[in-house]
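Q: Here it is, the structure, as C-alpha coordinates.
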Amino acid sequence: MTKADKAYQLLEIEYPNAKCSLDYGTPFQLLVSTILSAQATDKSVNNVTEKLYKLYPDVDSFLTLTQEEIENKIKKIGLYKNKSKNIYNMCRELRDKFNKEVPKTMVELMSLSGVGRKTASVVLVEAFKIPAFPVDTHVFRVSRRLGLAKGSTADKVSDEMMKKLSKKKWHLMHHLLITHGREVCIAQNPKCEICCLKNICTYFKAK
DNA sequence: AACTCGGGGCA
DNA sequence: TGCCCAGAGTT
(Lines give C-alpha, C1' and ligand atoms only; values in the text may rest on other atoms or scores of the structure.)
Protein backbone atom coordinates (compact mmCIF):
# COMPACT_ATOMS: atom_id res chain seq x y z
CA MET A 1 0.00 0.00 0.00
CA THR A 2 1.36 3.41 -0.92
CA LYS A 3 1.66 6.22 1.56
CA ALA A 4 -1.09 8.11 -0.21
CA ASP A 5 -3.40 5.12 0.11
CA LYS A 6 -2.54 4.78 3.77
CA ALA A 7 -3.26 8.46 4.41
CA TYR A 8 -6.55 8.14 2.58
CA GLN A 9 -7.52 5.13 4.65
CA LEU A 10 -6.69 6.79 7.98
CA LEU A 11 -8.47 10.01 7.08
CA GLU A 12 -11.53 8.12 5.95
CA ILE A 13 -11.76 6.53 9.40
CA GLU A 14 -11.15 9.85 11.13
CA TYR A 15 -13.75 11.80 9.14
CA PRO A 16 -16.56 9.40 8.20
CA ASN A 17 -18.85 12.29 7.31
CA ALA A 18 -16.52 14.32 5.13
CA LYS A 19 -18.16 15.39 1.93
CA CYS A 20 -18.95 18.37 -0.20
CA SER A 21 -20.60 21.00 1.96
CA LEU A 22 -22.14 22.93 -0.88
CA ASP A 23 -25.65 21.97 -1.80
CA TYR A 24 -26.43 22.90 -5.35
CA GLY A 25 -28.76 22.16 -8.19
CA THR A 26 -27.46 23.13 -11.59
CA PRO A 27 -23.87 23.69 -12.74
CA PHE A 28 -24.61 27.41 -12.94
CA GLN A 29 -25.80 27.48 -9.35
CA LEU A 30 -22.71 25.63 -8.25
CA LEU A 31 -20.54 28.08 -10.15
CA VAL A 32 -22.16 31.11 -8.51
CA SER A 33 -22.12 29.64 -5.03
CA THR A 34 -18.50 28.53 -5.39
CA ILE A 35 -17.46 32.03 -6.38
CA LEU A 36 -19.42 33.55 -3.52
CA SER A 37 -18.16 31.09 -0.97
CA ALA A 38 -14.50 31.52 -1.91
CA GLN A 39 -12.61 33.12 0.95
CA ALA A 40 -15.66 32.94 3.13
CA THR A 41 -15.54 30.46 5.95
CA ASP A 42 -17.54 27.46 4.89
CA LYS A 43 -20.41 27.80 7.37
CA SER A 44 -23.43 29.88 6.51
CA VAL A 45 -22.64 29.89 2.83
CA ASN A 46 -25.12 27.14 2.17
CA ASN A 47 -28.42 28.68 3.17
CA VAL A 48 -27.24 32.06 2.05
CA THR A 49 -26.40 31.12 -1.51
CA GLU A 50 -29.50 28.97 -1.57
CA LYS A 51 -31.52 32.11 -0.92
CA LEU A 52 -29.74 33.91 -3.71
CA TYR A 53 -30.19 31.34 -6.38
CA LYS A 54 -33.74 30.56 -5.49
CA LEU A 55 -34.46 34.12 -6.47
CA TYR A 56 -32.05 34.06 -9.39
CA PRO A 57 -31.64 30.46 -10.46
CA ASP A 58 -30.03 30.85 -13.87
CA VAL A 59 -28.00 33.03 -16.21
CA ASP A 60 -31.05 34.78 -17.62
CA SER A 61 -32.27 35.98 -14.24
CA PHE A 62 -28.85 37.44 -13.45
CA LEU A 63 -28.69 39.08 -16.87
CA THR A 64 -31.72 41.19 -15.97
CA LEU A 65 -29.87 42.74 -13.02
CA THR A 66 -27.47 45.66 -13.00
CA GLN A 67 -24.18 45.30 -11.20
CA GLU A 68 -25.55 47.46 -8.39
CA GLU A 69 -28.59 45.25 -8.04
CA ILE A 70 -26.42 42.16 -7.78
CA GLU A 71 -24.27 43.93 -5.23
CA ASN A 72 -27.30 44.75 -3.12
CA LYS A 73 -28.51 41.17 -3.23
CA ILE A 74 -25.14 39.87 -2.13
CA LYS A 75 -24.76 42.51 0.54
CA LYS A 76 -28.18 41.68 1.91
CA ILE A 77 -27.31 38.05 2.43
CA GLY A 78 -23.97 38.91 3.96
CA LEU A 79 -21.34 37.82 1.46
CA TYR A 80 -18.49 39.61 -0.24
CA LYS A 81 -20.17 42.28 -2.25
CA ASN A 82 -17.06 42.95 -4.33
CA LYS A 83 -17.81 39.72 -6.18
CA SER A 84 -20.81 41.38 -7.82
CA LYS A 85 -18.67 42.79 -10.61
CA ASN A 86 -17.26 39.37 -11.39
CA ILE A 87 -20.67 37.74 -11.43
CA TYR A 88 -22.11 40.53 -13.55
CA ASN A 89 -19.33 40.15 -16.11
CA MET A 90 -19.30 36.38 -15.95
CA CYS A 91 -22.96 36.12 -16.86
CA ARG A 92 -22.34 38.27 -19.93
CA GLU A 93 -19.40 36.11 -20.90
CA LEU A 94 -21.54 33.00 -20.56
CA ARG A 95 -24.13 34.60 -22.80
CA ASP A 96 -21.73 35.91 -25.42
CA LYS A 97 -19.20 33.09 -25.63
CA PHE A 98 -20.83 29.97 -24.27
CA ASN A 99 -24.46 30.15 -25.31
CA LYS A 100 -25.43 30.54 -21.65
CA GLU A 101 -24.05 27.10 -20.80
CA VAL A 102 -21.42 26.53 -18.14
CA PRO A 103 -18.38 25.27 -20.08
CA LYS A 104 -16.85 21.91 -19.27
CA THR A 105 -13.14 22.51 -19.72
CA MET A 106 -10.55 23.97 -17.40
CA VAL A 107 -9.40 26.56 -19.95
CA GLU A 108 -12.89 27.79 -20.75
CA LEU A 109 -13.96 27.96 -17.12
CA MET A 110 -10.85 29.89 -16.17
CA SER A 111 -11.50 32.40 -18.91
CA LEU A 112 -14.57 33.57 -16.98
CA SER A 113 -14.37 36.60 -14.69
CA GLY A 114 -13.72 35.63 -11.12
CA VAL A 115 -13.09 31.99 -11.93
CA GLY A 116 -9.60 30.74 -11.17
CA ARG A 117 -7.94 27.35 -11.05
CA LYS A 118 -9.62 26.24 -7.84
CA THR A 119 -13.17 27.28 -8.66
CA ALA A 120 -12.85 25.79 -12.14
CA SER A 121 -11.72 22.41 -10.89
CA VAL A 122 -14.44 22.32 -8.25
CA VAL A 123 -17.05 22.86 -10.96
CA LEU A 124 -15.51 20.17 -13.18
CA VAL A 125 -15.58 17.62 -10.40
CA GLU A 126 -18.78 18.44 -8.59
CA ALA A 127 -21.02 19.47 -11.44
CA PHE A 128 -19.72 17.41 -14.35
CA LYS A 129 -17.96 14.53 -12.61
CA ILE A 130 -14.91 15.24 -14.72
CA PRO A 131 -11.82 14.07 -12.83
CA ALA A 132 -9.80 16.94 -11.37
CA PHE A 133 -8.08 17.58 -8.07
CA PRO A 134 -8.85 21.04 -6.69
CA VAL A 135 -6.02 22.41 -4.56
CA ASP A 136 -6.77 25.17 -2.13
CA THR A 137 -4.40 26.31 0.60
CA HIS A 138 -5.51 23.54 2.95
CA VAL A 139 -4.90 20.78 0.42
CA PHE A 140 -1.63 22.41 -0.57
CA ARG A 141 -0.31 22.65 2.97
CA VAL A 142 -1.45 19.23 4.19
CA SER A 143 -0.24 17.34 1.11
CA ARG A 144 3.18 18.89 1.36
CA ARG A 145 3.55 18.41 5.11
CA LEU A 146 2.60 14.77 4.80
CA GLY A 147 5.19 14.35 2.09
CA LEU A 148 2.69 13.32 -0.53
CA ALA A 149 3.56 16.26 -2.77
CA LYS A 150 6.71 18.29 -3.20
CA GLY A 151 5.61 20.76 -5.87
CA SER A 152 5.84 24.46 -5.17
CA THR A 153 2.64 25.43 -6.97
CA ALA A 154 -0.94 24.30 -6.65
CA ASP A 155 -0.85 22.94 -10.19
CA LYS A 156 2.12 20.70 -9.43
CA VAL A 157 0.60 19.47 -6.18
CA SER A 158 -2.61 18.68 -8.02
CA ASP A 159 -0.73 16.61 -10.61
CA GLU A 160 1.25 14.75 -7.97
CA MET A 161 -1.83 13.84 -5.97
CA MET A 162 -3.64 12.57 -9.04
CA LYS A 163 -0.70 10.34 -9.88
CA LYS A 164 -0.51 8.87 -6.40
CA LEU A 165 -4.17 8.03 -5.95
CA SER A 166 -6.55 6.01 -8.03
CA LYS A 167 -9.10 8.18 -9.74
CA LYS A 168 -12.03 7.02 -7.69
CA LYS A 169 -10.34 8.29 -4.54
CA TRP A 170 -9.69 11.83 -5.77
CA HIS A 171 -13.01 13.32 -4.87
CA LEU A 172 -13.21 12.12 -1.28
CA MET A 173 -9.50 12.73 -0.69
CA HIS A 174 -9.98 16.37 -1.58
CA HIS A 175 -12.62 16.76 1.11
CA LEU A 176 -10.67 14.70 3.63
CA LEU A 177 -7.58 16.89 3.21
CA ILE A 178 -9.60 20.09 3.55
CA THR A 179 -11.30 18.84 6.69
CA HIS A 180 -7.99 17.75 8.17
CA GLY A 181 -6.36 21.05 7.23
CA ARG A 182 -9.10 23.04 8.92
CA GLU A 183 -9.29 21.02 12.09
CA VAL A 184 -5.89 19.52 12.79
CA CYS A 185 -3.20 20.32 10.26
CA ILE A 186 -3.79 24.05 10.64
CA ALA A 187 -1.36 26.60 9.25
CA GLN A 188 0.10 27.76 12.56
CA ASN A 189 0.93 25.34 15.34
CA PRO A 190 -0.65 22.24 13.83
CA LYS A 191 -2.08 19.82 16.36
CA CYS A 192 0.35 17.02 15.68
CA GLU A 193 -0.30 15.33 19.03
CA ILE A 194 -3.82 14.42 18.03
CA CYS A 195 -3.15 13.86 14.33
CA CYS A 196 -4.20 10.50 12.97
CA LEU A 197 -1.44 10.74 10.37
CA LYS A 198 1.54 11.60 12.56
CA ASN A 199 3.11 8.18 12.13
CA ILE A 200 3.42 8.64 8.39
CA CYS A 201 3.95 12.40 8.29
CA THR A 202 7.19 13.86 6.97
CA TYR A 203 6.61 17.14 8.80
CA PHE A 204 6.03 15.41 12.15
CA LYS A 205 9.09 13.22 11.72
CA ALA A 206 11.24 16.29 11.09
CA LYS A 207 10.04 18.10 14.20
C1' DA B 1 7.26 33.67 -7.95
C1' DA B 2 5.95 37.59 -5.66
C1' DC B 3 2.82 40.90 -5.07
C1' DT B 4 -1.88 43.31 -4.73
C1' DC B 5 -6.53 43.39 -3.57
C1' DG B 6 -9.92 43.80 0.12
C1' DG B 7 -13.63 42.07 3.21
C1' DG B 8 -14.54 38.76 6.93
C1' DG B 9 -13.01 36.56 11.39
C1' DC B 10 -11.03 37.08 15.41
C1' DA B 11 -8.19 38.77 19.41
C1' DT C 1 -7.99 48.30 15.79
C1' DG C 2 -4.85 45.58 13.66
C1' DC C 3 -3.46 41.05 11.95
C1' DC C 4 -4.31 37.11 9.31
C1' DC C 5 -6.33 34.59 5.69
C1' DA C 6 -8.29 32.47 0.72
C1' DG C 7 -8.41 32.89 -3.79
C1' DA C 8 -8.16 35.66 -8.18
C1' DG C 9 -5.57 38.65 -10.90
C1' DT C 10 -1.41 41.17 -12.16
C1' DT C 11 3.45 42.03 -12.88
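Here's how to read the names in the C-alpha coordinates: chain A, B, ... by the order shown, residue numbers from 1 in each chain, ligand numbers from 1 in the order shown.
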Could you pull out the helix (DSSP H, G or I) residues of stretch 25-200 of chain A, going by DSSP on the backbone, and write them as a PyMOL selection string?
A: chain A and resi 27-37+45-55+59-63+67-76+81-98+106-110+117-128+137-146+154-164+167-183+192-194+198-200
Q: Near C:DC3, within 12 Å and counting only C-alpha atoms (C1' of nucleotides), which residues show up once chain neighbours fewer than 4 positions away are dropped, as a CSV table (one decimal) with all heavy atoms, in the first residue's frame?
A:
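The resulting file, part_24.csv, is shown below:
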```csv
chain,number,residue,atom,x,y,z
B,9,DG,P,-17.5,36.8,9.1
B,9,DG,OP1,-18.4,35.6,9.0
B,9,DG,OP2,-18.0,38.0,9.7
B,9,DG,O5',-16.2,36.4,9.9
B,9,DG,C5',-15.5,35.2,9.4
B,9,DG,C4',-14.3,34.9,10.4
B,9,DG,O4',-13.3,35.9,10.2
B,9,DG,C3',-14.7,35.0,11.8
B,9,DG,O3',-14.0,34.0,12.5
B,9,DG,C2',-14.2,36.4,12.3
B,9,DG,C1',-13.0,36.6,11.4
B,9,DG,N9,-12.7,38.0,11.1
B,9,DG,C8,-13.6,38.9,10.6
B,9,DG,N7,-13.1,40.1,10.4
B,9,DG,C5,-11.7,39.9,10.6
B,9,DG,C6,-10.6,40.8,10.5
B,9,DG,O6,-10.6,41.9,10.2
B,9,DG,N1,-9.4,40.1,10.9
B,9,DG,C2,-9.3,38.8,11.3
B,9,DG,N2,-8.1,38.4,11.6
B,9,DG,N3,-10.3,38.0,11.4
B,9,DG,C4,-11.5,38.6,11.1
B,10,DC,P,-14.5,33.6,14.0
B,10,DC,OP1,-14.9,32.1,13.9
B,10,DC,OP2,-15.4,34.6,14.5
B,10,DC,O5',-13.2,33.7,14.9
B,10,DC,C5',-11.9,33.9,14.2
B,10,DC,C4',-11.0,34.8,15.0
B,10,DC,O4',-11.0,36.1,14.4
B,10,DC,C3',-11.5,35.1,16.5
B,10,DC,O3',-10.4,34.9,17.3
B,10,DC,C2',-12.0,36.5,16.4
B,10,DC,C1',-11.0,37.1,15.4
B,10,DC,N1,-11.4,38.4,14.9
B,10,DC,C2,-10.4,39.3,14.6
B,10,DC,O2,-9.2,39.0,14.8
B,10,DC,N3,-10.7,40.5,14.1
B,10,DC,C4,-12.0,40.9,13.9
B,10,DC,N4,-12.2,42.1,13.4
B,10,DC,C5,-13.0,39.9,14.2
B,10,DC,C6,-12.7,38.7,14.7
B,11,DA,P,-10.7,34.6,18.9
B,11,DA,OP1,-10.5,33.2,19.1
B,11,DA,OP2,-12.0,35.3,19.3
B,11,DA,O5',-9.5,35.5,19.6
B,11,DA,C5',-8.2,35.3,19.1
B,11,DA,C4',-7.4,36.6,19.3
B,11,DA,O4',-7.9,37.7,18.6
B,11,DA,C3',-7.4,37.0,20.8
B,11,DA,O3',-6.1,37.5,21.2
B,11,DA,C2',-8.4,38.2,20.8
B,11,DA,C1',-8.2,38.8,19.4
B,11,DA,N9,-9.4,39.5,18.9
B,11,DA,C8,-10.7,39.0,18.9
B,11,DA,N7,-11.5,39.8,18.3
B,11,DA,C5,-10.7,40.9,17.9
B,11,DA,C6,-11.0,42.1,17.3
B,11,DA,N6,-12.2,42.5,16.9
B,11,DA,N1,-10.0,42.9,17.0
B,11,DA,C2,-8.7,42.6,17.4
B,11,DA,N3,-8.4,41.5,18.1
B,11,DA,C4,-9.4,40.7,18.3
```
Q: Taking only residues of chain C that have an atom at most 12 Å from an atom of chain A, what is each one's shortest atom pair and its distance in Å to one decimal, using only C-alpha atoms (C1' of nucleotides), in chain and number order, as JSON lines?
A:
```
{"residue": "C:DC4", "atom": "C1'", "partner": "A:Gln188", "partner_atom": "CA", "distance": 10.8}
{"residue": "C:DC5", "atom": "C1'", "partner": "A:Gln39", "partner_atom": "CA", "distance": 8.0}
{"residue": "C:DA6", "atom": "C1'", "partner": "A:Gln39", "partner_atom": "CA", "distance": 4.4}
{"residue": "C:DG7", "atom": "C1'", "partner": "A:Gln39", "partner_atom": "CA", "distance": 6.3}
{"residue": "C:DA8", "atom": "C1'", "partner": "A:Gly116", "partner_atom": "CA", "distance": 5.9}
{"residue": "C:DG9", "atom": "C1'", "partner": "A:Gly114", "partner_atom": "CA", "distance": 8.7}
```
Q: I need the contact residues of chain B against chain A, so if you could list those with any atom within 9 Å, counting only C-alpha atoms (C1' of nucleotides), and return them as a PyMOL selection string, that would help.
A: chain B and resi 6-9
Q: Any idea what the distance is between atom CA of A:Thr179 and atom CA of A:Leu197?
A: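 Interatomic distance, atom CA of A:Thr179 to atom CA of A:Leu197: 13.3 Å.
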